[in-house]
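work_17.cif follows (mmCIF, C-alpha atoms):
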data_entry
loop_
_atom_site.label_atom_id
_atom_site.label_comp_id
_atom_site.auth_asym_id
_atom_site.auth_seq_id
_atom_site.Cartn_x
_atom_site.Cartn_y
_atom_site.Cartn_z
CA MET W 1 0.00 0.00 0.00
CA GLN W 2 1.41 3.37 -1.03
CA ARG W 3 0.91 6.00 1.67
CA ARG W 4 1.03 9.61 0.56
CA TYR W 5 2.73 12.38 2.47
CA ILE W 6 3.30 16.13 1.99
CA THR W 7 5.87 18.23 3.81
CA VAL W 8 5.45 21.92 4.55
CA ASP W 9 7.40 24.70 6.21
CA VAL W 10 5.08 26.27 8.78
CA PHE W 11 4.93 29.87 10.09
CA THR W 12 6.81 31.23 7.10
CA ASP W 13 6.06 32.62 3.65
CA ARG W 14 9.31 31.39 2.09
CA ALA W 15 10.89 28.00 1.53
CA PHE W 16 13.48 26.77 4.04
CA GLY W 17 12.13 28.98 6.83
CA GLY W 18 9.73 28.19 9.64
CA ASN W 19 9.21 24.74 11.14
CA GLN W 20 9.21 21.57 9.06
CA LEU W 21 6.21 19.25 9.19
CA ALA W 22 5.40 15.96 7.51
CA VAL W 23 1.70 15.20 6.98
CA VAL W 24 0.86 11.54 6.32
CA LEU W 25 -2.45 11.62 4.48
CA ASP W 26 -3.23 7.89 4.25
CA ALA W 27 -2.76 6.84 7.88
CA GLY W 28 -5.63 4.36 8.16
CA GLY W 29 -4.54 0.99 9.56
CA LEU W 30 -1.26 2.23 11.03
CA SER W 31 -0.56 1.19 14.62
CA THR W 32 0.70 3.62 17.23
CA ALA W 33 4.11 1.93 17.08
CA GLN W 34 4.23 2.34 13.30
CA MET W 35 3.28 6.01 13.53
CA GLN W 36 6.04 6.58 16.07
CA ALA W 37 8.56 4.78 13.86
CA ILE W 38 7.56 6.87 10.82
CA ALA W 39 7.84 10.11 12.84
CA THR W 40 11.29 9.03 14.01
CA GLU W 41 12.25 8.32 10.38
CA PHE W 42 11.15 11.80 9.22
CA ASN W 43 12.93 13.24 12.29
CA TYR W 44 11.08 16.56 12.06
CA SER W 45 9.99 18.15 15.32
CA GLU W 46 6.51 16.73 14.55
CA THR W 47 4.78 14.48 12.04
CA THR W 48 0.98 14.27 11.76
CA PHE W 49 -1.20 11.34 10.71
CA VAL W 50 -4.59 12.07 9.16
CA LEU W 51 -7.35 9.56 9.93
CA PRO W 52 -11.10 9.50 9.27
CA PRO W 53 -13.00 11.37 12.01
CA ARG W 54 -14.75 9.40 14.72
CA ASP W 55 -17.63 11.89 14.48
CA LYS W 56 -18.73 12.64 10.91
CA ALA W 57 -19.45 16.24 11.94
CA ASN W 58 -15.69 16.76 12.11
CA ASP W 59 -13.13 16.73 9.30
CA ALA W 60 -10.40 14.39 10.53
CA GLU W 61 -8.77 12.72 13.46
CA VAL W 62 -5.19 14.01 13.68
CA ARG W 63 -2.47 12.29 15.68
CA ILE W 64 0.76 14.15 16.36
CA PHE W 65 4.16 12.57 17.02
CA THR W 66 7.60 13.96 17.78
CA PRO W 67 10.57 11.67 17.06
CA VAL W 68 10.22 10.33 20.63
CA ARG W 69 6.56 10.53 21.75
CA GLU W 70 2.96 11.34 20.88
CA LEU W 71 1.53 14.75 21.78
CA PRO W 72 -2.07 15.53 22.75
CA PHE W 73 -1.94 18.85 20.89
CA ALA W 74 0.62 21.00 19.09
CA GLY W 75 0.56 24.26 17.19
CA HIS W 76 2.54 24.07 13.97
CA PRO W 77 1.21 20.54 13.19
CA ASN W 78 -2.36 21.89 13.24
CA VAL W 79 -1.54 25.00 11.23
CA GLY W 80 0.42 22.94 8.68
CA THR W 81 -2.01 20.01 8.46
CA ALA W 82 -4.93 22.38 7.91
CA PHE W 83 -2.94 24.17 5.20
CA VAL W 84 -2.30 20.85 3.42
CA LEU W 85 -5.88 19.57 3.67
CA ALA W 86 -7.38 22.92 2.66
CA SER W 87 -4.98 23.20 -0.30
CA ILE W 88 -5.88 19.79 -1.74
CA ALA W 89 -9.61 19.92 -0.92
CA LYS W 90 -12.02 19.78 -3.86
CA GLU W 91 -14.56 21.87 -1.96
CA PRO W 92 -13.01 24.79 -0.02
CA LYS W 93 -14.18 25.20 3.59
CA PRO W 94 -13.64 28.22 5.86
CA ARG W 95 -12.93 26.04 8.90
CA LEU W 96 -11.67 22.54 9.62
CA LEU W 97 -12.36 20.61 12.83
CA PHE W 98 -9.69 18.16 14.04
CA GLU W 99 -10.21 15.50 16.68
CA GLU W 100 -7.10 15.26 18.89
CA LYS W 101 -6.06 13.79 22.24
CA ALA W 102 -6.50 17.21 23.90
CA GLY W 103 -9.96 17.78 22.40
CA LEU W 104 -11.54 19.30 19.32
CA VAL W 105 -9.28 21.81 17.52
CA PRO W 106 -10.90 24.29 15.08
CA VAL W 107 -8.60 25.74 12.41
CA ASP W 108 -9.79 28.69 10.32
CA ILE W 109 -8.66 28.99 6.70
CA ALA W 110 -7.83 32.30 5.00
CA ARG W 111 -7.81 32.39 1.18
CA GLU W 112 -7.13 34.86 -1.58
CA GLN W 113 -8.56 33.91 -4.98
CA ARG W 114 -9.08 30.33 -3.71
CA ARG W 115 -5.42 30.03 -2.69
CA VAL W 116 -4.77 29.25 0.99
CA ILE W 117 -2.62 32.03 2.43
CA SER W 118 -2.77 31.27 6.18
CA THR W 119 -4.46 29.15 8.82
CA GLU W 120 -5.25 29.87 12.47
CA LEU W 121 -6.06 27.42 15.25
CA THR W 122 -8.14 27.88 18.37
CA ALA W 123 -6.59 26.30 21.46
CA PRO W 124 -8.59 23.26 22.63
CA GLN W 125 -8.33 23.91 26.39
CA PRO W 126 -8.47 26.90 28.75
CA LEU W 127 -5.24 28.27 30.17
CA SER W 128 -3.68 26.13 32.89
CA ARG W 129 -1.14 27.83 35.16
CA LEU W 130 0.79 25.08 36.91
CA ALA W 131 4.10 24.78 38.77
CA GLN W 132 6.39 27.77 39.17
CA VAL W 133 10.11 27.15 38.71
CA SER W 134 12.95 29.16 40.23
CA ALA W 135 14.92 31.57 38.09
CA ALA W 136 18.08 29.63 38.93
CA ASP W 137 16.62 26.32 37.73
CA VAL W 138 15.26 27.63 34.43
CA ALA W 139 18.50 29.54 33.84
CA ALA W 140 20.49 26.33 34.36
CA CYS W 141 18.36 24.56 31.72
CA ILE W 142 19.40 27.13 29.11
CA SER W 143 23.00 27.77 30.29
CA LEU W 144 22.35 31.28 31.60
CA THR W 145 22.41 32.87 35.06
CA ALA W 146 19.49 33.74 37.30
CA ASP W 147 20.22 37.42 36.58
CA ASP W 148 19.30 36.80 32.91
CA ILE W 149 15.77 35.77 33.95
CA LYS W 150 13.18 38.54 34.27
CA THR W 151 10.55 37.86 36.95
CA ASP W 152 8.79 41.19 37.58
CA ARG W 153 5.84 40.34 35.28
CA HIS W 154 5.67 36.62 36.00
CA ALA W 155 7.83 33.90 37.48
CA PRO W 156 8.98 31.07 35.22
CA GLN W 157 5.91 28.85 35.11
CA VAL W 158 4.50 25.76 33.46
CA VAL W 159 1.49 26.82 31.37
CA GLY W 160 -0.59 25.17 28.70
CA VAL W 161 -3.73 25.27 26.58
CA GLY W 162 -3.50 21.62 25.51
CA THR W 163 0.19 20.79 25.99
CA PRO W 164 2.22 22.22 28.91
CA PHE W 165 5.51 24.12 28.56
CA LEU W 166 7.85 25.85 30.96
CA VAL W 167 7.70 29.55 29.99
CA ALA W 168 10.23 32.15 31.12
CA GLU W 169 11.06 35.76 30.25
CA LEU W 170 14.65 36.90 29.64
CA ARG W 171 15.98 40.40 30.19
CA SER W 172 17.59 40.94 26.79
CA ARG W 173 17.88 39.84 23.19
CA ASP W 174 21.55 39.14 23.90
CA ALA W 175 20.65 36.63 26.62
CA LEU W 176 18.22 34.95 24.24
CA LYS W 177 20.99 34.61 21.66
CA ARG W 178 23.48 33.20 24.21
CA ALA W 179 21.18 30.45 25.50
CA LYS W 180 22.19 26.79 25.05
CA PRO W 181 20.44 23.67 26.35
CA ASP W 182 22.04 21.89 29.31
CA ALA W 183 21.19 18.19 29.48
CA ASP W 184 22.01 17.73 33.16
CA ALA W 185 19.82 20.65 34.22
CA PHE W 186 17.00 19.48 31.94
CA GLY W 187 17.10 16.07 33.57
CA ARG W 188 16.97 17.63 37.03
CA VAL W 189 14.24 20.25 36.39
CA LEU W 190 11.99 18.58 33.79
CA PRO W 191 9.51 17.07 33.29
CA ARG W 192 7.40 19.25 35.58
CA ASP W 193 3.59 19.04 35.53
CA GLY W 194 3.77 17.41 32.10
CA ALA W 195 6.18 19.97 30.63
CA PHE W 196 9.19 18.48 28.83
CA SER W 197 10.35 21.67 27.09
CA VAL W 198 11.40 25.26 27.85
CA TRP W 199 10.00 28.16 25.80
CA PHE W 200 11.70 31.43 26.67
CA TYR W 201 11.32 34.90 25.23
CA THR W 202 12.25 38.55 25.47
CA ARG W 203 10.36 41.78 24.87
CA ASP W 204 13.66 43.26 23.72
CA ALA W 205 12.86 42.77 20.02
CA PRO W 206 15.18 44.89 17.81
CA ALA W 207 13.69 47.06 15.07
CA ALA W 208 15.62 44.98 12.52
CA GLU W 209 13.47 42.00 13.49
CA ALA W 210 10.16 43.84 13.04
CA PRO W 211 7.25 43.19 13.06
CA CYS W 212 7.98 40.99 16.10
CA ASP W 213 6.65 42.11 19.49
CA ARG W 214 8.52 39.23 21.15
CA GLN W 215 11.46 37.05 20.18
CA ALA W 216 11.47 33.48 21.49
CA ARG W 217 13.35 30.20 21.44
CA MET W 218 12.38 26.69 22.54
CA PHE W 219 14.51 23.72 23.65
CA MET W 220 13.01 20.23 23.66
CA ARG W 221 13.96 16.56 23.73
CA GLY W 222 14.57 15.01 20.32
CA ALA W 223 15.58 11.56 19.15
CA SER W 224 19.28 12.39 19.56
CA GLY W 225 19.07 14.52 22.72
CA LEU W 226 18.14 18.15 23.32
CA VAL W 227 17.26 20.12 20.20
CA GLU W 228 15.89 23.55 19.32
CA ASP W 229 12.47 24.03 17.74
CA PRO W 230 12.19 26.80 15.11
CA ALA W 231 8.49 27.54 15.75
CA THR W 232 6.29 26.24 18.57
CA GLY W 233 2.66 27.24 18.10
CA SER W 234 1.29 25.43 21.14
CA ALA W 235 3.84 27.07 23.46
CA THR W 236 3.36 30.47 21.82
CA VAL W 237 -0.42 30.39 22.16
CA ALA W 238 -0.11 29.23 25.78
CA ALA W 239 2.28 32.11 26.48
CA ALA W 240 -0.08 34.54 24.73
CA ALA W 241 -2.89 33.31 26.98
CA LEU W 242 -0.64 33.84 30.02
CA PHE W 243 0.16 37.39 28.90
CA ALA W 244 -3.55 38.09 28.41
CA ASP W 245 -4.35 36.65 31.83
CA LEU W 246 -1.85 39.06 33.38
CA ASP W 247 -3.06 42.03 31.33
CA ALA W 248 -5.45 44.57 32.88
CA LEU W 249 -7.67 44.56 29.77
CA ARG W 250 -11.14 43.33 30.68
CA ASP W 251 -12.88 43.28 27.30
CA GLY W 252 -11.38 43.04 23.85
CA GLU W 253 -8.61 41.31 21.94
CA LEU W 254 -4.87 41.23 22.57
CA LYS W 255 -2.66 40.59 19.53
CA LEU W 256 1.05 39.76 19.41
CA THR W 257 3.50 38.91 16.66
CA VAL W 258 6.14 36.48 17.90
CA GLY W 259 9.40 35.66 16.15
CA GLN W 260 11.12 32.33 16.70
CA GLY W 261 13.89 30.40 14.96
CA PHE W 262 15.84 33.55 14.02
CA ASP W 263 18.94 32.37 15.88
CA MET W 264 18.99 28.99 14.10
CA GLY W 265 18.55 30.27 10.55
CA ARG W 266 14.86 29.31 10.20
CA PRO W 267 13.00 32.56 10.94
CA SER W 268 9.36 32.03 11.86
CA ILE W 269 6.52 34.50 12.38
CA LEU W 270 3.62 33.49 14.62
CA GLN W 271 0.50 35.63 14.91
CA THR W 272 -1.42 35.33 18.19
CA ARG W 273 -4.64 36.80 19.47
CA VAL W 274 -6.49 36.27 22.74
CA ARG W 275 -10.09 37.34 23.33
CA LYS W 276 -11.21 38.50 26.78
CA GLN W 277 -14.56 39.35 28.31
CA ASP W 278 -15.19 40.54 31.86
CA GLY W 279 -11.51 39.95 32.57
CA LYS W 280 -11.66 36.30 31.57
CA ILE W 281 -10.10 34.61 28.54
CA LEU W 282 -12.68 33.50 25.98
CA SER W 283 -10.33 31.95 23.43
CA ALA W 284 -6.67 31.85 22.39
CA HIS W 285 -5.46 31.58 18.80
CA VAL W 286 -2.22 31.24 16.83
CA GLY W 287 -1.70 31.15 13.09
CA GLY W 288 0.50 31.97 10.15
CA SER W 289 1.56 31.16 6.62
CA CYS W 290 2.92 27.89 5.20
CA VAL W 291 4.90 26.78 2.15
CA GLN W 292 4.54 23.33 0.62
CA MET W 293 7.93 21.70 0.11
CA MET W 294 7.84 18.02 -0.87
CA GLU W 295 5.34 15.35 -1.79
CA GLY W 296 5.80 11.60 -2.05
CA THR W 297 4.74 8.11 -1.03
CA PHE W 298 6.17 5.31 1.08
CA ARG W 299 5.29 1.68 1.67
CA LEU W 300 5.89 -0.25 4.88
CA GLU W 301 7.40 -3.72 4.72
CA GLY W 302 4.70 -6.38 4.70
CA GLU W 303 1.94 -4.07 3.42
CA ARG W 304 0.29 -4.68 0.07
#
Do you think you could lay out the structure here as structure tokens?
Amino acid sequence: MQRRYITVDVFTDRAFGGNQLAVVLDAGGLSTAQMQAIATEFNYSETTFVLPPRDKANDAEVRIFTPVRELPFAGHPNVGTAFVLASIAKEPKPRLLFEEKAGLVPVDIAREQRRVISTELTAPQPLSRLAQVSAADVAACISLTADDIKTDRHAPQVVGVGTPFLVAELRSRDALKRAKPDADAFGRVLPRDGAFSVWFYTRDAPAAEAPCDRQARMFMRGASGLVEDPATGSATVAAAALFADLDALRDGELKLTVGQGFDMGRPSILQTRVRKQDGKILSAHVGGSCVQMMEGTFRLEGER
């Protein structure tokens, strides 16, 4: 059996930027172990597998795998998978509904002259604010000092809207650039409340990197150890929800443009918005552009 796949670069409008994603379109009949093996073979930060929906009211069941484990929800896999499915659809739809481990994920499709130009997901869960981590511990994870960690707006904290991440603010763009993952500290500090990764950012975004309101990086566990992710939608939307929760705005919408991957040569632009009413978060969203890169098929041994 030939199984079709398409790869895309997500959160970018040019090839070889953003975050790579493989979308396996013919995933029916694959076991969890096979999906994990295929994701490890692609060795992208995530690979998605598109299955028929359990509820016919939805568009697909989507399972998401890193090279080492399955995720209940992730950002760039949803944005990229929706881009692929919307681009190849015979009948264009303004919204796709994906069934995932974390819940139902709506993804809105933006088109110009029938061409898909961007997609935007809605986070499947409300903001969870979990364990706080000391500045010294999070600094150790990224080879910095406690003085590089900024804590006046919020302490380093595990937050999530479907998948948890440790989120921390740095004092400067220079500190962001100097950060490196430290395996020993990672093993000591994480996982914490389900968070296996550190997403850290600065408000010190230079004019040369406009239109970014924030610059961020993210370190995570990969198949060969600690790696950097060029664009992490699920962490970015969780952080945006945290920022909105801390903001004094009671009614309205908070928007942020976040840059990621700039320091690893894969610049990514993530657009976030969070809606509030009566001081409470109604919904959190992240989206961006994608570029299709490759298309092909594979066949597993023993399949006909």
Exercise for the section: Write out as a count of residues only the residues lying within 7 Å of range 113-129 of chain W, counting all atoms listed in the file and excluding same-chain residues fewer than 5 positions away. Expected result: 27
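This file, filtered with the PyMOL selection byres ((chain W and resi 229) around 9), gives the residues Asn19, Ser45, Arg217, Met218, Phe219, Met220, Val227, Glu228, Pro230, Ala231, Thr232, Gln260, Gly261 and Met264 of chain W.
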Problem - the PyMOL selection byres ((chain W and resi 68-77) around 6) resolved against shown file, as a ChimeraX atom specification - result: /W:64-67,78-81,101-102,162-163,223,233-234
Problem - Length of the CA of Arg54 in chain W to CA of Glu100 in chain W vector [Å] - result: 10.5 Å
Practice task
Find the residue from W:Arg153, W:Lys180, W:Lys280, W:Arg14 that sits nearest to Arg266 in chain W; use all atoms listed in the file when measuring.
Solution key: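 Of the candidates, the smallest distance to Arg266 in chain W is held by W:Arg14.
For the structure shown here, the set of residues caught by the PyMOL selection byres ((chain W and resi 2) around 7) is Met1, Arg3, Arg4, Thr297, Phe298 and Arg299 of chain W.
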Practice task
Just give me the residues with any atom within 12 Å of (10.2, 32.4, 34.9), file coordinates, counting only C-alpha atoms, written as a ChimeraX atom specification.
Solution key: /W:131-141,146-159,165-171,198-202,239,242
Exercise for the section: Tell me, in Å to one decimal, how far CA of Asn58 in chain W is from CA of Gly29 in chain W. Expected result: 19.5 Å
Practice task
Skip Asp204 in chain W itself and residues of its chain fewer than 4 positions away, then list as a list in words all residues within 12 Å of it, counting all atoms listed in the file.
Solution key: Lys150, Glu169, Leu170, Arg171, Ser172, Arg173, Asp174, Ala175, Leu176, Lys177, Ala208, Glu209, Ala210, Cys212, Asp213, Arg214, Gln215, Ala216, Val258 and Gly259 of chain W
9 Å contact set for Pro52 in chain W, only C-alpha atoms, chain neighbours under 6 positions out, as a compact mmCIF listing (two decimals) with C-alpha atoms, in the frame of the given file:
# COMPACT_ATOMS: atom_id res chain seq x y z
CA ALA W 27 -2.76 6.84 7.88
CA GLY W 28 -5.63 4.36 8.16
CA ASP W 59 -13.13 16.73 9.30
CA ALA W 60 -10.40 14.39 10.53
CA GLU W 61 -8.77 12.72 13.46
CA VAL W 62 -5.19 14.01 13.68
Could you work out an axis-aligned bounding box for all listed atoms of range 86-90 of chain W, with 6 Å added on each of the six sides, and give its centre and edge lengths in Å to one decimal, as JSON?
{"center_x": -8.5, "center_y": 21.5, "center_z": -0.6, "size_x": 19.0, "size_y": 15.4, "size_z": 18.5}
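Closest to Ile269 in chain W among W:Glu91, W:Glu301, W:Asp13, W:Asp26 is W:Asp13, based on all atoms listed in the file.
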